[in-house]
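Structure file start.json; described as JSON, C-alpha atoms and all ligand atoms.
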[["chain", "number", "residue", "atom", "x", "y", "z"],
["A", 1, "MET", "CA", -71.41, -32.95, -32.34],
["A", 2, "ALA", "CA", -72.00, -29.25, -33.11],
["A", 3, "LYS", "CA", -69.09, -26.85, -32.64],
["A", 4, "TYR", "CA", -69.67, -23.87, -30.37],
["A", 5, "GLU", "CA", -67.74, -20.65, -29.88],
["A", 6, "LEU", "CA", -67.98, -17.60, -27.69],
["A", 7, "GLY", "CA", -70.39, -14.97, -28.98],
["A", 8, "GLU", "CA", -71.19, -11.41, -27.92],
["A", 9, "THR", "CA", -70.97, -10.23, -24.32],
["A", 10, "LEU", "CA", -74.40, -9.90, -22.71],
["A", 11, "PHE", "CA", -73.32, -8.56, -19.30],
["A", 12, "THR", "CA", -69.95, -7.01, -18.59],
["A", 13, "THR", "CA", -68.01, -7.46, -15.36],
["A", 14, "GLU", "CA", -69.03, -3.95, -14.33],
["A", 15, "GLU", "CA", -72.75, -4.49, -15.08],
["A", 16, "ILE", "CA", -72.75, -7.74, -13.09],
["A", 17, "SER", "CA", -70.96, -6.12, -10.19],
["A", 18, "VAL", "CA", -73.43, -3.21, -10.01],
["A", 19, "ARG", "CA", -76.44, -5.56, -10.09],
["A", 20, "VAL", "CA", -74.95, -7.95, -7.51],
["A", 21, "ARG", "CA", -74.36, -5.03, -5.14],
["A", 22, "GLU", "CA", -77.98, -3.92, -5.61],
["A", 23, "LEU", "CA", -79.23, -7.42, -4.85],
["A", 24, "GLY", "CA", -77.01, -7.55, -1.78],
["A", 25, "ARG", "CA", -78.49, -4.32, -0.46],
["A", 26, "GLU", "CA", -82.05, -5.49, -1.13],
["A", 27, "ILE", "CA", -81.52, -8.86, 0.56],
["A", 28, "SER", "CA", -79.74, -7.30, 3.57],
["A", 29, "ARG", "CA", -82.63, -4.88, 4.00],
["A", 30, "ASP", "CA", -85.29, -7.62, 3.72],
["A", 31, "TYR", "CA", -83.66, -9.95, 6.22],
["A", 32, "ASP", "CA", -82.93, -7.08, 8.60],
["A", 33, "GLY", "CA", -80.09, -8.67, 10.57],
["A", 34, "GLN", "CA", -81.53, -12.19, 10.69],
["A", 35, "GLU", "CA", -79.10, -14.97, 9.85],
["A", 36, "ILE", "CA", -79.46, -16.35, 6.32],
["A", 37, "LEU", "CA", -78.44, -19.81, 5.20],
["A", 38, "LEU", "CA", -77.24, -19.34, 1.64],
["A", 39, "VAL", "CA", -77.71, -22.53, -0.35],
["A", 40, "GLY", "CA", -75.65, -22.46, -3.52],
["A", 41, "ILE", "CA", -76.55, -24.78, -6.34],
["A", 42, "LEU", "CA", -73.38, -26.36, -7.65],
["A", 43, "LYS", "CA", -71.58, -25.93, -9.71],
["A", 44, "GLY", "CA", -72.79, -22.88, -11.62],
["A", 45, "ALA", "CA", -73.73, -20.63, -8.67],
["A", 46, "PHE", "CA", -70.31, -20.61, -6.99],
["A", 47, "VAL", "CA", -69.06, -17.36, -8.54],
["A", 48, "PHE", "CA", -72.32, -15.44, -8.03],
["A", 49, "LEU", "CA", -72.67, -16.79, -4.49],
["A", 50, "ALA", "CA", -69.16, -15.70, -3.53],
["A", 51, "ASP", "CA", -69.72, -12.15, -4.82],
["A", 52, "LEU", "CA", -73.27, -11.83, -3.46],
["A", 53, "ALA", "CA", -72.28, -13.06, 0.00],
["A", 54, "ARG", "CA", -69.66, -10.32, 0.24],
["A", 55, "CYS", "CA", -72.34, -7.70, -0.43],
["A", 56, "LEU", "CA", -74.54, -8.88, 2.46],
["A", 57, "THR", "CA", -74.48, -7.12, 5.79],
["A", 58, "THR", "CA", -76.53, -9.79, 7.58],
["A", 59, "PRO", "CA", -74.89, -12.83, 9.22],
["A", 60, "VAL", "CA", -74.67, -15.72, 6.76],
["A", 61, "ARG", "CA", -73.94, -19.42, 6.74],
["A", 62, "PHE", "CA", -73.25, -21.44, 3.63],
["A", 63, "ASP", "CA", -74.27, -24.79, 2.29],
["A", 64, "PHE", "CA", -74.27, -26.34, -1.16],
["A", 65, "ILE", "CA", -76.43, -28.73, -3.05],
["A", 66, "SER", "CA", -75.71, -30.32, -6.37],
["A", 67, "CYS", "CA", -78.59, -30.99, -8.62],
["A", 68, "SER", "CA", -78.47, -30.87, -12.38],
["A", 69, "SER", "CA", -80.64, -31.51, -15.39],
["A", 70, "TYR", "CA", -77.92, -31.11, -17.98],
["A", 71, "GLY", "CA", -75.35, -33.34, -19.58],
["A", 72, "SER", "CA", -72.99, -31.78, -22.06],
["A", 73, "SER", "CA", -75.71, -30.49, -24.37],
["A", 74, "THR", "CA", -77.28, -27.03, -24.39],
["A", 75, "LYS", "CA", -80.84, -28.32, -23.89],
["A", 76, "THR", "CA", -82.33, -29.78, -20.74],
["A", 77, "SER", "CA", -82.63, -33.54, -20.56],
["A", 78, "GLY", "CA", -85.68, -33.14, -18.32],
["A", 79, "VAL", "CA", -84.11, -35.52, -15.83],
["A", 80, "ILE", "CA", -82.87, -34.17, -12.48],
["A", 81, "ARG", "CA", -79.79, -35.77, -11.04],
["A", 82, "PHE", "CA", -79.28, -35.15, -7.34],
["A", 83, "GLN", "CA", -75.55, -35.50, -6.68],
["A", 84, "LYS", "CA", -74.87, -33.83, -3.32],
["A", 85, "ASP", "CA", -77.29, -33.07, -0.50],
["A", 86, "LEU", "CA", -76.98, -30.30, 2.11],
["A", 87, "ASP", "CA", -74.78, -30.80, 5.17],
["A", 88, "THR", "CA", -77.06, -28.62, 7.31],
["A", 89, "ASP", "CA", -80.41, -29.27, 8.97],
["A", 90, "ILE", "CA", -82.42, -26.37, 7.55],
["A", 91, "SER", "CA", -85.49, -26.63, 9.80],
["A", 92, "GLY", "CA", -86.28, -23.24, 11.35],
["A", 93, "ARG", "CA", -83.62, -21.45, 9.26],
["A", 94, "HIS", "CA", -84.01, -18.62, 6.76],
["A", 95, "VAL", "CA", -82.92, -20.37, 3.59],
["A", 96, "LEU", "CA", -82.03, -18.44, 0.45],
["A", 97, "ILE", "CA", -81.39, -20.62, -2.59],
["A", 98, "VAL", "CA", -78.75, -19.05, -4.84],
["A", 99, "GLU", "CA", -78.89, -20.13, -8.46],
["A", 100, "ASP", "CA", -76.97, -19.01, -11.55],
["A", 101, "ILE", "CA", -79.73, -19.32, -14.14],
["A", 102, "ILE", "CA", -83.31, -20.51, -14.42],
["A", 103, "ASP", "CA", -84.21, -22.02, -17.76],
["A", 104, "THR", "CA", -87.28, -24.30, -17.71],
["A", 105, "GLY", "CA", -87.52, -24.05, -13.91],
["A", 106, "LEU", "CA", -87.42, -27.82, -13.56],
["A", 107, "THR", "CA", -84.36, -27.92, -11.31],
["A", 108, "LEU", "CA", -85.64, -25.31, -8.90],
["A", 109, "SER", "CA", -89.21, -26.59, -8.72],
["A", 110, "TYR", "CA", -87.81, -29.98, -7.76],
["A", 111, "LEU", "CA", -85.48, -28.40, -5.19],
["A", 112, "LEU", "CA", -88.18, -26.16, -3.73],
["A", 113, "ARG", "CA", -90.46, -29.12, -3.07],
["A", 114, "ASN", "CA", -87.59, -31.09, -1.60],
["A", 115, "LEU", "CA", -86.38, -28.28, 0.70],
["A", 116, "GLU", "CA", -89.86, -27.13, 1.74],
["A", 117, "ALA", "CA", -90.48, -30.60, 3.17],
["A", 118, "ARG", "CA", -87.58, -29.97, 5.60],
["A", 119, "LYS", "CA", -89.51, -27.10, 7.24],
["A", 120, "PRO", "CA", -87.27, -24.03, 6.93],
["A", 121, "ALA", "CA", -88.56, -20.84, 8.61],
["A", 122, "THR", "CA", -88.49, -19.16, 5.17],
["A", 123, "LEU", "CA", -87.41, -20.35, 1.74],
["A", 124, "GLU", "CA", -86.68, -17.90, -1.08],
["A", 125, "ILE", "CA", -84.95, -17.95, -4.45],
["A", 126, "CYS", "CA", -82.25, -15.63, -5.75],
["A", 127, "SER", "CA", -81.21, -16.23, -9.35],
["A", 128, "LEU", "CA", -78.69, -14.14, -11.24],
["A", 129, "LEU", "CA", -80.34, -14.88, -14.60],
["A", 130, "ASN", "CA", -83.84, -15.88, -15.61],
["A", 131, "LYS", "CA", -84.59, -16.99, -19.16],
["A", 132, "LYS", "CA", -87.90, -15.64, -20.37],
["A", 133, "HIS", "CA", -89.85, -17.01, -23.33],
["A", 134, "VAL", "CA", -88.88, -20.60, -22.64],
["A", 135, "ASP", "CA", -91.51, -23.10, -23.83],
["A", 136, "GLY", "CA", -93.20, -24.97, -21.00],
["A", 137, "LYS", "CA", -91.50, -22.83, -18.34],
["A", 138, "ILE", "CA", -92.55, -23.64, -14.78],
["A", 139, "ASP", "CA", -93.83, -20.63, -12.85],
["A", 140, "LEU", "CA", -91.63, -20.13, -9.77],
["A", 141, "PRO", "CA", -91.74, -17.62, -6.91],
["A", 142, "ILE", "CA", -88.42, -15.87, -7.70],
["A", 143, "LYS", "CA", -87.91, -13.21, -5.06],
["A", 144, "TYR", "CA", -84.56, -11.88, -6.29],
["A", 145, "GLU", "CA", -83.63, -11.81, -9.97],
["A", 146, "GLY", "CA", -80.43, -10.31, -11.37],
["A", 147, "PHE", "CA", -81.29, -10.06, -15.06],
["A", 148, "ALA", "CA", -84.01, -11.39, -17.33],
["A", 149, "ILE", "CA", -82.64, -12.76, -20.60],
["A", 150, "VAL", "CA", -84.07, -14.20, -23.80],
["A", 151, "ASP", "CA", -83.80, -17.90, -24.53],
["A", 152, "VAL", "CA", -80.16, -18.11, -25.60],
["A", 153, "PHE", "CA", -77.39, -20.27, -24.18],
["A", 154, "VAL", "CA", -74.94, -18.26, -22.09],
["A", 155, "VAL", "CA", -71.61, -18.95, -20.41],
["A", 156, "GLY", "CA", -69.23, -17.25, -18.00],
["A", 157, "TYR", "CA", -69.39, -16.02, -14.38],
["A", 158, "GLY", "CA", -69.87, -19.62, -13.20],
["A", 159, "LEU", "CA", -71.95, -20.81, -16.15],
["A", 160, "ASP", "CA", -70.47, -23.50, -18.34],
["A", 161, "TYR", "CA", -70.76, -25.34, -21.56],
["A", 162, "ASP", "CA", -69.40, -28.84, -21.02],
["A", 163, "GLU", "CA", -67.45, -27.56, -17.95],
["A", 164, "ARG", "CA", -65.73, -24.78, -19.92],
["A", 165, "TYR", "CA", -65.96, -20.97, -19.60],
["A", 166, "ARG", "CA", -66.96, -20.89, -15.90],
["A", 167, "ASN", "CA", -64.02, -18.58, -15.12],
["A", 168, "LEU", "CA", -64.93, -15.84, -17.62],
["A", 169, "PRO", "CA", -65.45, -12.64, -15.58],
["A", 170, "TYR", "CA", -68.39, -11.62, -17.83],
["A", 171, "ILE", "CA", -71.42, -13.37, -19.35],
["A", 172, "ALA", "CA", -71.43, -14.11, -23.06],
["A", 173, "ARG", "CA", -73.59, -15.90, -25.53],
["A", 174, "LEU", "CA", -72.44, -19.25, -26.86],
["A", 175, "LYS", "CA", -72.98, -19.53, -30.58],
["A", 176, "LYS", "CA", -72.81, -22.31, -33.08],
["B", 201, "LIG", "P1", -83.68, -25.64, -15.62],
["B", 201, "LIG", "O1", -83.89, -26.82, -14.72],
["B", 201, "LIG", "O2", -84.16, -25.93, -17.02],
["B", 201, "LIG", "O3", -84.27, -24.36, -15.07],
["B", 201, "LIG", "O4", -82.12, -25.46, -15.81],
["B", 201, "LIG", "C1", -81.32, -24.87, -14.83],
["B", 201, "LIG", "C2", -79.89, -25.31, -14.94],
["B", 201, "LIG", "O5", -79.52, -25.55, -16.30],
["B", 201, "LIG", "C3", -78.95, -24.20, -14.47],
["B", 201, "LIG", "O6", -78.64, -24.36, -13.11],
["B", 201, "LIG", "C4", -77.74, -24.40, -15.36],
["B", 201, "LIG", "O7", -76.86, -25.33, -14.76],
["B", 201, "LIG", "C5", -78.27, -25.00, -16.63],
["B", 201, "LIG", "N1", -78.46, -23.99, -17.68],
["B", 201, "LIG", "C6", -79.65, -23.54, -18.19],
["B", 201, "LIG", "N2", -79.46, -22.63, -19.13],
["B", 201, "LIG", "C7", -78.12, -22.46, -19.23],
["B", 201, "LIG", "C8", -77.29, -21.60, -20.04],
["B", 201, "LIG", "O8", -77.73, -20.79, -20.87],
["B", 201, "LIG", "N3", -75.95, -21.72, -19.83],
["B", 201, "LIG", "C9", -75.39, -22.59, -18.95],
["B", 201, "LIG", "N4", -76.14, -23.40, -18.18],
["B", 201, "LIG", "C10", -77.48, -23.33, -18.31]]

Can I see the file as structure tokens?
Ligand code: IMP
Amino acid sequence: MAKYELGETLFTTEEISVRVRELGREISRDYDGQEILLVGILKGAFVFLADLARCLTTPVRFDFISCSSYGSSTKTSGVIRFQKDLDTDISGRHVLIVEDIIDTGLTLSYLLRNLEARKPATLEICSLLNKKHVDGKIDLPIKYEGFAIVDVFVVGYGLDYDERYRNLPYIARLKK
């Protein structure tokens, strides 16, 4: 198995914090006081979700879903595993999916189809990172995007490699 180590910092704590506050303002303005059901995708989105939620001025509820296409490698397996469903009935609610990173878009396209079938009032996506230039990327309606990045593997601020590095307060590249 290849050995990986932490590479250069892509987004500092300060840069992330500024962008998360901007997203919070934009989302609060768009929803204009309507209650949002924030659906965090476990595990990676937990840090972003916690910070974003505290920048929202609209009423919010929380739920979590666990759905992953990765094992311990840095490339998608193409297979979605659905490990935990929502606790909430989302019909008629304003649902905002909060994701850490979109790579191929496979996870979210699967989730969107699944959640749309439950008839929410609205269903939008907020992803902190979006990898551009990924081969075979699925086109998704991403309403809120923190940062666009090139196709490199990153860790920190909730993102892991084999369950490590999630607690880094910044986002760094993982290098071989
Ligand atoms: P997708 O289904 O290919 O879009 O992959 C999305 C999921 O893969 C994310 O929720 C992450 O869990 C994981 N992932 C994709 N790229 C990275 C990365 O660079 N670092 C850590 N996890 C990643």

Axis-aligned box for ligand LIG 201 (chain B), 4 Å per side, centre and edges in Å as AutoDock Vina command-line options:
--center_x -79.8 --center_y -23.8 --center_z -17.0 --size_x 16.9 --size_y 14.0 --size_z 15.8

*Return the single residue from A:Leu140, A:Val150, A:Leu42, A:Val155 that is closest to Asn167 of chain A, with distances computed using all atoms listed in the file.*
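When distances to Asn167 of chain A are compared using all atoms listed in the file, the smallest one comes from A:Val155.
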
Can you tell me how far atom CA of Pro169 of chain A sits from atom CA of Arg61 of chain A, in Å to one decimal?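 Taking atom CA of Pro169 of chain A as the start and atom CA of Arg61 of chain A as the end point, the length is 24.8 Å.
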
From atom CA of Glu99 of chain A to atom CA of Thr13 of chain A the spacing works out at 18.1 Å

Please determine, counting all atoms listed in the file, which residue among A:Phe153, A:Tyr4, A:Phe48, A:Phe64 has the shortest atom-to-atom distance to ligand LIG 201 (chain B).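 Of A:Phe153, A:Tyr4, A:Phe48, A:Phe64, the one nearest ligand LIG 201 (chain B) is A:Phe153, counting all atoms listed in the file.
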
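For the pair atom CA of Tyr110 of chain A and atom CA of Phe82 of chain A, the separation is 10.0 Å.
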
Which residue out of A:Lys119, A:Arg21, A:Arg166, A:Arg81 has the minimum interatomic distance to Thr57 of chain A when only C-alpha atoms are used?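 Looking at the shortest contact to Thr57 of chain A, the residue is A:Arg21.
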
Using only C-alpha atoms and all ligand atoms, the shortest atom-to-atom distance to ligand LIG 201 (chain B) among A:Ala50, A:Leu115, A:Ala172, A:Ile90 belongs to A:Ala172

Tell me which protein, DNA and RNA residues are within 9 Å of Asp151 of chain A, counting only C-alpha atoms, leaving out same-chain ones fewer than 5 positions away, and put them as a list in words.
-> Asp103, Lys131, Lys132, His133 and Val134 of chain A

For Arg93 of chain A, the nearest of the candidates A:Val60, A:Leu128, A:Ile36, A:Ile138, counting only C-alpha atoms |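 Nearest candidate to Arg93 of chain A out of A:Val60, A:Leu128, A:Ile36, A:Ile138: A:Ile36.
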
Around the point (-92.5, -24.0, -18.1) (coordinates from the file), which residues reach within 9 Å if we count all atoms listed in the file? Answer as a compact mmCIF listing (two decimals) with C-alpha atoms, keeping the file's coordinate frame.
# COMPACT_ATOMS: atom_id res chain seq x y z
CA ASP A 103 -84.21 -22.02 -17.76
CA THR A 104 -87.28 -24.30 -17.71
CA GLY A 105 -87.52 -24.05 -13.91
CA LEU A 106 -87.42 -27.82 -13.56
CA VAL A 134 -88.88 -20.60 -22.64
CA ASP A 135 -91.51 -23.10 -23.83
CA GLY A 136 -93.20 -24.97 -21.00
CA LYS A 137 -91.50 -22.83 -18.34
CA ILE A 138 -92.55 -23.64 -14.78
CA ASP A 139 -93.83 -20.63 -12.85

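You can rank A:Ser109, A:Ile171, A:Glu8, A:Pro120 by their closest distance to Pro141 of chain A using only C-alpha atoms, and at the top of that list sits A:Ser109.
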
Every residue with an atom at most 12 Å from (-75.3, -18.3, -8.2) (file coordinates; only C-alpha atoms) is what I'm after, so could you write them as a ChimeraX atom specification? /A:16,20,38-53,64-65,96-102,125-130,144-146,156-159,166

Open item on the list: Give me the residues near Ser91 of chain A as a list in words, where near means some atom within 12 Å (using all atoms listed in the file) and where sequence neighbours in that chain fewer than 5 positions away do not count.
Closed with: Leu37, Leu115, Glu116, Ala117, Arg118, Lys119, Pro120, Ala121, Thr122 and Leu123 of chain A
